[in-house]
>>> print(open('work08.json').read())   # JSON, N, CA and C atoms
[["chain", "number", "residue", "atom", "x", "y", "z"],
["H", 1, "MET", "N", -33.52, -16.87, 16.23],
["H", 1, "MET", "CA", -33.36, -15.56, 15.62],
["H", 1, "MET", "C", -31.90, -15.15, 15.61],
["H", 2, "LEU", "N", -31.21, -15.36, 16.73],
["H", 2, "LEU", "CA", -29.80, -14.99, 16.81],
["H", 2, "LEU", "C", -28.96, -15.79, 15.82],
["H", 3, "GLU", "N", -29.27, -17.07, 15.66],
["H", 3, "GLU", "CA", -28.53, -17.90, 14.70],
["H", 3, "GLU", "C", -28.69, -17.36, 13.29],
["H", 4, "TRP", "N", -29.91, -16.92, 12.94],
["H", 4, "TRP", "CA", -30.16, -16.37, 11.62],
["H", 4, "TRP", "C", -29.36, -15.10, 11.39],
["H", 5, "VAL", "N", -29.28, -14.25, 12.42],
["H", 5, "VAL", "CA", -28.52, -13.00, 12.31],
["H", 5, "VAL", "C", -27.04, -13.31, 12.12],
["H", 6, "CYS", "N", -26.51, -14.26, 12.87],
["H", 6, "CYS", "CA", -25.10, -14.64, 12.75],
["H", 6, "CYS", "C", -24.82, -15.23, 11.38],
["H", 7, "LEU", "N", -25.71, -16.08, 10.89],
["H", 7, "LEU", "CA", -25.54, -16.69, 9.57],
["H", 7, "LEU", "C", -25.57, -15.64, 8.47],
["H", 8, "THR", "N", -26.49, -14.70, 8.58],
["H", 8, "THR", "CA", -26.60, -13.62, 7.60],
["H", 8, "THR", "C", -25.34, -12.76, 7.61],
["H", 9, "ALA", "N", -24.86, -12.42, 8.78],
["H", 9, "ALA", "CA", -23.64, -11.61, 8.89],
["H", 9, "ALA", "C", -22.45, -12.36, 8.32],
["H", 10, "ASN", "N", -22.37, -13.67, 8.56],
["H", 10, "ASN", "CA", -21.28, -14.47, 8.04],
["H", 10, "ASN", "C", -21.32, -14.53, 6.52],
["H", 11, "LEU", "N", -22.51, -14.68, 5.95],
["H", 11, "LEU", "CA", -22.64, -14.72, 4.50],
["H", 11, "LEU", "C", -22.24, -13.39, 3.87],
["H", 12, "LYS", "N", -22.61, -12.29, 4.52],
["H", 12, "LYS", "CA", -22.23, -10.97, 4.01],
["H", 12, "LYS", "C", -20.72, -10.79, 4.06],
["H", 13, "LEU", "N", -20.09, -11.29, 5.13],
["H", 13, "LEU", "CA", -18.64, -11.18, 5.25],
["H", 13, "LEU", "C", -17.95, -12.00, 4.17],
["H", 14, "VAL", "N", -18.46, -13.20, 3.90],
["H", 14, "VAL", "CA", -17.88, -14.04, 2.85],
["H", 14, "VAL", "C", -18.01, -13.36, 1.49],
["H", 15, "LYS", "N", -19.17, -12.77, 1.21],
["H", 15, "LYS", "CA", -19.37, -12.06, -0.05],
["H", 15, "LYS", "C", -18.41, -10.87, -0.16],
["H", 16, "LEU", "N", -18.23, -10.15, 0.94],
["H", 16, "LEU", "CA", -17.33, -9.01, 0.94],
["H", 16, "LEU", "C", -15.90, -9.45, 0.67],
["H", 17, "LEU", "N", -15.45, -10.52, 1.32],
["H", 17, "LEU", "CA", -14.09, -11.00, 1.12],
["H", 17, "LEU", "C", -13.88, -11.50, -0.31],
["H", 18, "LYS", "N", -14.89, -12.14, -0.89],
["H", 18, "LYS", "CA", -14.78, -12.57, -2.28],
["H", 18, "LYS", "C", -14.70, -11.36, -3.20],
["H", 19, "HIS", "N", -15.43, -10.33, -2.89],
["H", 19, "HIS", "CA", -15.41, -9.12, -3.70],
["H", 19, "HIS", "C", -14.06, -8.41, -3.62],
["H", 20, "LEU", "N", -13.44, -8.47, -2.44],
["H", 20, "LEU", "CA", -12.15, -7.81, -2.25],
["H", 20, "LEU", "C", -10.97, -8.65, -2.72],
["H", 21, "LYS", "N", -11.20, -9.87, -3.14],
["H", 21, "LYS", "CA", -10.10, -10.75, -3.53],
["H", 21, "LYS", "C", -9.26, -10.08, -4.61],
["H", 22, "GLY", "N", -7.98, -9.97, -4.34],
["H", 22, "GLY", "CA", -7.07, -9.34, -5.28],
["H", 22, "GLY", "C", -6.93, -7.84, -5.10],
["H", 23, "ASN", "N", -7.74, -7.24, -4.26],
["H", 23, "ASN", "CA", -7.69, -5.79, -4.08],
["H", 23, "ASN", "C", -7.41, -5.37, -2.64],
["H", 24, "LYS", "N", -7.22, -6.34, -1.75],
["H", 24, "LYS", "CA", -7.04, -6.00, -0.33],
["H", 24, "LYS", "C", -5.76, -5.21, -0.11],
["H", 25, "THR", "N", -4.68, -5.57, -0.79],
["H", 25, "THR", "CA", -3.41, -4.86, -0.61],
["H", 25, "THR", "C", -3.55, -3.41, -1.06],
["H", 26, "TYR", "N", -4.22, -3.20, -2.18],
["H", 26, "TYR", "CA", -4.43, -1.83, -2.67],
["H", 26, "TYR", "C", -5.31, -1.03, -1.72],
["H", 27, "LEU", "N", -6.29, -1.68, -1.14],
["H", 27, "LEU", "CA", -7.17, -1.01, -0.19],
["H", 27, "LEU", "C", -6.40, -0.56, 1.05],
["H", 28, "VAL", "N", -5.54, -1.43, 1.56],
["H", 28, "VAL", "CA", -4.73, -1.08, 2.74],
["H", 28, "VAL", "C", -3.75, 0.03, 2.40],
["H", 29, "ALA", "N", -3.10, -0.06, 1.24],
["H", 29, "ALA", "CA", -2.14, 0.97, 0.83],
["H", 29, "ALA", "C", -2.82, 2.33, 0.65],
["H", 30, "THR", "N", -3.99, 2.33, 0.06],
["H", 30, "THR", "CA", -4.73, 3.58, -0.12],
["H", 30, "THR", "C", -5.16, 4.16, 1.22],
["H", 31, "THR", "N", -5.58, 3.31, 2.14],
["H", 31, "THR", "CA", -5.97, 3.78, 3.47],
["H", 31, "THR", "C", -4.79, 4.41, 4.19],
["H", 32, "VAL", "N", -3.63, 3.77, 4.12],
["H", 32, "VAL", "CA", -2.43, 4.32, 4.77],
["H", 32, "VAL", "C", -2.05, 5.65, 4.12],
["H", 33, "PHE", "N", -2.17, 5.74, 2.80],
["H", 33, "PHE", "CA", -1.86, 6.99, 2.09],
["H", 33, "PHE", "C", -2.78, 8.12, 2.55],
["H", 34, "VAL", "N", -4.07, 7.84, 2.64],
["H", 34, "VAL", "CA", -5.04, 8.85, 3.07],
["H", 34, "VAL", "C", -4.77, 9.26, 4.52],
["H", 35, "LEU", "N", -4.50, 8.28, 5.38],
["H", 35, "LEU", "CA", -4.21, 8.62, 6.78],
["H", 35, "LEU", "C", -2.93, 9.43, 6.91],
["H", 36, "GLY", "N", -1.93, 9.11, 6.10],
["H", 36, "GLY", "CA", -0.69, 9.90, 6.11],
["H", 36, "GLY", "C", -0.94, 11.34, 5.67],
["H", 37, "GLY", "N", -1.80, 11.51, 4.67],
["H", 37, "GLY", "CA", -2.15, 12.86, 4.23],
["H", 37, "GLY", "C", -2.90, 13.62, 5.31],
["H", 38, "LEU", "N", -3.82, 12.95, 5.97],
["H", 38, "LEU", "CA", -4.55, 13.60, 7.06],
["H", 38, "LEU", "C", -3.62, 13.98, 8.20],
["H", 39, "GLU", "N", -2.65, 13.11, 8.47],
["H", 39, "GLU", "CA", -1.69, 13.42, 9.54],
["H", 39, "GLU", "C", -0.82, 14.60, 9.15],
["H", 40, "ALA", "N", -0.47, 14.69, 7.87],
["H", 40, "ALA", "CA", 0.32, 15.83, 7.40],
["H", 40, "ALA", "C", -0.45, 17.14, 7.51],
["H", 41, "LEU", "N", -1.77, 17.05, 7.41],
["H", 41, "LEU", "CA", -2.61, 18.24, 7.54],
["H", 41, "LEU", "C", -2.87, 18.63, 8.99],
["H", 42, "GLY", "N", -2.41, 17.79, 9.93],
["H", 42, "GLY", "CA", -2.52, 18.15, 11.34],
["H", 42, "GLY", "C", -3.51, 17.32, 12.14],
["H", 43, "PHE", "N", -4.17, 16.36, 11.51],
["H", 43, "PHE", "CA", -5.08, 15.49, 12.25],
["H", 43, "PHE", "C", -4.29, 14.48, 13.06],
["H", 44, "ALA", "N", -4.78, 14.15, 14.24],
["H", 44, "ALA", "CA", -4.10, 13.19, 15.11],
["H", 44, "ALA", "C", -4.54, 11.77, 14.72],
["H", 45, "ILE", "N", -3.60, 10.98, 14.23],
["H", 45, "ILE", "CA", -3.86, 9.60, 13.86],
["H", 45, "ILE", "C", -3.09, 8.71, 14.84],
["H", 46, "PRO", "N", -3.77, 7.82, 15.56],
["H", 46, "PRO", "CA", -3.05, 6.97, 16.52],
["H", 46, "PRO", "C", -2.07, 6.03, 15.82],
["H", 47, "LYS", "N", -0.91, 5.87, 16.40],
["H", 47, "LYS", "CA", 0.12, 5.01, 15.81],
["H", 47, "LYS", "C", -0.32, 3.55, 15.79],
["H", 48, "GLU", "N", -1.21, 3.18, 16.71],
["H", 48, "GLU", "CA", -1.70, 1.80, 16.74],
["H", 48, "GLU", "C", -2.47, 1.45, 15.46],
["H", 49, "LEU", "N", -3.08, 2.45, 14.87],
["H", 49, "LEU", "CA", -3.82, 2.22, 13.63],
["H", 49, "LEU", "C", -2.87, 1.82, 12.50],
["H", 50, "TYR", "N", -1.69, 2.43, 12.46],
["H", 50, "TYR", "CA", -0.70, 2.05, 11.45],
["H", 50, "TYR", "C", -0.20, 0.62, 11.67],
["H", 51, "VAL", "N", -0.05, 0.23, 12.93],
["H", 51, "VAL", "CA", 0.36, -1.15, 13.23],
["H", 51, "VAL", "C", -0.71, -2.12, 12.76],
["H", 52, "LEU", "N", -1.97, -1.81, 13.02],
["H", 52, "LEU", "CA", -3.07, -2.65, 12.58],
["H", 52, "LEU", "C", -3.12, -2.74, 11.06],
["H", 53, "LEU", "N", -2.98, -1.63, 10.38],
["H", 53, "LEU", "CA", -2.99, -1.64, 8.91],
["H", 53, "LEU", "C", -1.78, -2.36, 8.34],
["H", 54, "GLY", "N", -0.65, -2.26, 9.00],
["H", 54, "GLY", "CA", 0.53, -3.02, 8.57],
["H", 54, "GLY", "C", 0.29, -4.51, 8.67],
["H", 55, "SER", "N", -0.35, -4.93, 9.74],
["H", 55, "SER", "CA", -0.68, -6.34, 9.90],
["H", 55, "SER", "C", -1.66, -6.80, 8.84],
["H", 56, "LEU", "N", -2.67, -5.99, 8.56],
["H", 56, "LEU", "CA", -3.62, -6.33, 7.51],
["H", 56, "LEU", "C", -2.95, -6.39, 6.14],
["H", 57, "GLY", "N", -2.02, -5.49, 5.91],
["H", 57, "GLY", "CA", -1.29, -5.51, 4.64],
["H", 57, "GLY", "C", -0.47, -6.76, 4.47],
["H", 58, "LEU", "N", 0.22, -7.17, 5.53],
["H", 58, "LEU", "CA", 1.00, -8.40, 5.47],
["H", 58, "LEU", "C", 0.10, -9.62, 5.28],
["H", 59, "TYR", "N", -1.06, -9.60, 5.94],
["H", 59, "TYR", "CA", -2.00, -10.71, 5.77],
["H", 59, "TYR", "C", -2.50, -10.78, 4.33],
["H", 60, "SER", "N", -2.79, -9.63, 3.75],
["H", 60, "SER", "CA", -3.31, -9.64, 2.38],
["H", 60, "SER", "C", -2.23, -10.10, 1.40],
["H", 61, "LEU", "N", -0.98, -9.77, 1.66],
["H", 61, "LEU", "CA", 0.11, -10.26, 0.80],
["H", 61, "LEU", "C", 0.25, -11.78, 0.95],
["H", 62, "ARG", "N", 0.15, -12.26, 2.17],
["H", 62, "ARG", "CA", 0.24, -13.69, 2.40],
["H", 62, "ARG", "C", -0.91, -14.42, 1.72],
["H", 63, "ASP", "N", -2.09, -13.82, 1.79],
["H", 63, "ASP", "CA", -3.26, -14.41, 1.16],
["H", 63, "ASP", "C", -3.11, -14.42, -0.36],
["H", 64, "ALA", "N", -2.45, -13.41, -0.92],
["H", 64, "ALA", "CA", -2.25, -13.35, -2.37],
["H", 64, "ALA", "C", -1.25, -14.41, -2.84],
["H", 65, "ILE", "N", -0.30, -14.77, -2.00],
["H", 65, "ILE", "CA", 0.70, -15.77, -2.38],
["H", 65, "ILE", "C", 0.10, -17.16, -2.41],
["H", 66, "LYS", "N", -0.88, -17.42, -1.52],
["H", 66, "LYS", "CA", -1.49, -18.76, -1.46],
["H", 66, "LYS", "C", -2.15, -19.15, -2.74]]
>>> encode(input="work08.json", output="structure tokens")
Amino acid sequence: MLEWVCLTANLKLVKLLKHLKGNKTYLVATTVFVLGGLEALGFAIPKELYVLLGSLGLYSLRDAIK
């Protein structure tokens, strides 16, 4: 049963990544824009989240070059 759950989750992840192909950079940029707006409105956004999104953005750019 556990193997089936892991396989199903893996297939869903592969489908999601295929769907996002070519749009990951825009997704990260939009997320950073929204978080910046929320921070400007006074919401507390942890700085670690920006580091994580920066890493994801660089990964998506690297993936686009391949």
>>> closest_residue(input="work08.json", among="H:Val14, H:Leu49, H:Gly54, H:Ser60", to="Tyr26 in chain H", atoms="only N, CA and C atoms")
H:Ser60
>>> atom_distance(input="work08.json", atom1="atom C of Thr30 in chain H", atom2="CA of Gly57 in chain H")
11.0 Å
>>> atom_distance(input="work08.json", atom1="CA of Phe33 in chain H", atom2="atom N of Lys12 in chain H")
28.4 Å
>>> atom_distance(input="work08.json", atom1="CA of Leu56 in chain H", atom2="atom C of Gly22 in chain H")
13.1 Å
>>> closest_residue(input="work08.json", among="H:Leu16, H:Thr31, H:Ile65, H:Lys21", to="Leu52 in chain H", atoms="only C-alpha atoms")
H:Thr31
>>> build_atoms(input="work08.json", residues="range 47-58 of chain H", atoms="all heavy atoms", output="mmCIF file, keeping the file's coordinate frame")
data_model
loop_
_atom_site.group_PDB
_atom_site.id
_atom_site.type_symbol
_atom_site.label_atom_id
_atom_site.label_comp_id
_atom_site.auth_asym_id
_atom_site.auth_seq_id
_atom_site.Cartn_x
_atom_site.Cartn_y
_atom_site.Cartn_z
ATOM 1 N N LYS H 47 -0.910 5.870 16.400
ATOM 2 C CA LYS H 47 0.120 5.010 15.810
ATOM 3 C C LYS H 47 -0.320 3.550 15.790
ATOM 4 O O LYS H 47 0.109 2.775 14.942
ATOM 5 C CB LYS H 47 1.440 5.140 16.584
ATOM 6 C CG LYS H 47 2.004 6.532 16.576
ATOM 7 C CD LYS H 47 2.331 6.983 15.171
ATOM 8 C CE LYS H 47 2.840 8.410 15.208
ATOM 9 N NZ LYS H 47 2.915 9.001 13.887
ATOM 10 N N GLU H 48 -1.210 3.180 16.710
ATOM 11 C CA GLU H 48 -1.700 1.800 16.740
ATOM 12 C C GLU H 48 -2.470 1.450 15.460
ATOM 13 O O GLU H 48 -2.486 0.314 15.035
ATOM 14 C CB GLU H 48 -2.602 1.568 17.959
ATOM 15 C CG GLU H 48 -1.894 1.627 19.286
ATOM 16 C CD GLU H 48 -1.721 3.049 19.800
ATOM 17 O OE1 GLU H 48 -2.288 3.991 19.213
ATOM 18 O OE2 GLU H 48 -1.009 3.213 20.809
ATOM 19 N N LEU H 49 -3.080 2.450 14.870
ATOM 20 C CA LEU H 49 -3.820 2.220 13.630
ATOM 21 C C LEU H 49 -2.870 1.820 12.500
ATOM 22 O O LEU H 49 -3.192 0.964 11.683
ATOM 23 C CB LEU H 49 -4.604 3.480 13.252
ATOM 24 C CG LEU H 49 -5.574 3.364 12.100
ATOM 25 C CD1 LEU H 49 -6.597 2.269 12.358
ATOM 26 C CD2 LEU H 49 -6.273 4.687 11.881
ATOM 27 N N TYR H 50 -1.690 2.430 12.460
ATOM 28 C CA TYR H 50 -0.700 2.050 11.450
ATOM 29 C C TYR H 50 -0.200 0.620 11.670
ATOM 30 O O TYR H 50 0.054 -0.101 10.714
ATOM 31 C CB TYR H 50 0.478 3.029 11.450
ATOM 32 C CG TYR H 50 0.122 4.379 10.869
ATOM 33 C CD1 TYR H 50 0.090 5.508 11.659
ATOM 34 C CD2 TYR H 50 -0.172 4.510 9.518
ATOM 35 C CE1 TYR H 50 -0.231 6.738 11.130
ATOM 36 C CE2 TYR H 50 -0.494 5.734 8.972
ATOM 37 C CZ TYR H 50 -0.517 6.846 9.782
ATOM 38 O OH TYR H 50 -0.849 8.058 9.244
ATOM 39 N N VAL H 51 -0.050 0.230 12.930
ATOM 40 C CA VAL H 51 0.360 -1.150 13.230
ATOM 41 C C VAL H 51 -0.710 -2.120 12.760
ATOM 42 O O VAL H 51 -0.410 -3.147 12.128
ATOM 43 C CB VAL H 51 0.618 -1.315 14.753
ATOM 44 C CG1 VAL H 51 0.860 -2.770 15.098
ATOM 45 C CG2 VAL H 51 1.792 -0.457 15.182
ATOM 46 N N LEU H 52 -1.970 -1.810 13.020
ATOM 47 C CA LEU H 52 -3.070 -2.650 12.580
ATOM 48 C C LEU H 52 -3.120 -2.740 11.060
ATOM 49 O O LEU H 52 -3.258 -3.833 10.489
ATOM 50 C CB LEU H 52 -4.399 -2.107 13.121
ATOM 51 C CG LEU H 52 -5.650 -2.846 12.681
ATOM 52 C CD1 LEU H 52 -5.661 -4.258 13.255
ATOM 53 C CD2 LEU H 52 -6.883 -2.100 13.120
ATOM 54 N N LEU H 53 -2.980 -1.630 10.380
ATOM 55 C CA LEU H 53 -2.990 -1.640 8.910
ATOM 56 C C LEU H 53 -1.780 -2.360 8.340
ATOM 57 O O LEU H 53 -1.878 -3.019 7.302
ATOM 58 C CB LEU H 53 -3.066 -0.207 8.382
ATOM 59 C CG LEU H 53 -4.418 0.476 8.556
ATOM 60 C CD1 LEU H 53 -4.316 1.952 8.215
ATOM 61 C CD2 LEU H 53 -5.468 -0.205 7.708
ATOM 62 N N GLY H 54 -0.650 -2.260 9.000
ATOM 63 C CA GLY H 54 0.530 -3.020 8.570
ATOM 64 C C GLY H 54 0.290 -4.510 8.670
ATOM 65 O O GLY H 54 0.650 -5.274 7.767
ATOM 66 N N SER H 55 -0.350 -4.930 9.740
ATOM 67 C CA SER H 55 -0.680 -6.340 9.900
ATOM 68 C C SER H 55 -1.660 -6.800 8.840
ATOM 69 O O SER H 55 -1.518 -7.877 8.260
ATOM 70 C CB SER H 55 -1.278 -6.599 11.282
ATOM 71 O OG SER H 55 -0.369 -6.246 12.278
ATOM 72 N N LEU H 56 -2.670 -5.990 8.560
ATOM 73 C CA LEU H 56 -3.620 -6.330 7.510
ATOM 74 C C LEU H 56 -2.950 -6.390 6.140
ATOM 75 O O LEU H 56 -3.289 -7.230 5.314
ATOM 76 C CB LEU H 56 -4.772 -5.325 7.496
ATOM 77 C CG LEU H 56 -5.772 -5.424 8.623
ATOM 78 C CD1 LEU H 56 -6.747 -4.254 8.566
ATOM 79 C CD2 LEU H 56 -6.515 -6.735 8.574
ATOM 80 N N GLY H 57 -2.020 -5.490 5.910
ATOM 81 C CA GLY H 57 -1.290 -5.510 4.640
ATOM 82 C C GLY H 57 -0.470 -6.760 4.470
ATOM 83 O O GLY H 57 -0.441 -7.378 3.397
ATOM 84 N N LEU H 58 0.220 -7.170 5.530
ATOM 85 C CA LEU H 58 1.000 -8.400 5.470
ATOM 86 C C LEU H 58 0.100 -9.620 5.280
ATOM 87 O O LEU H 58 0.432 -10.541 4.539
ATOM 88 C CB LEU H 58 1.845 -8.565 6.733
ATOM 89 C CG LEU H 58 3.017 -7.601 6.854
ATOM 90 C CD1 LEU H 58 3.685 -7.766 8.209
ATOM 91 C CD2 LEU H 58 4.015 -7.821 5.735
#
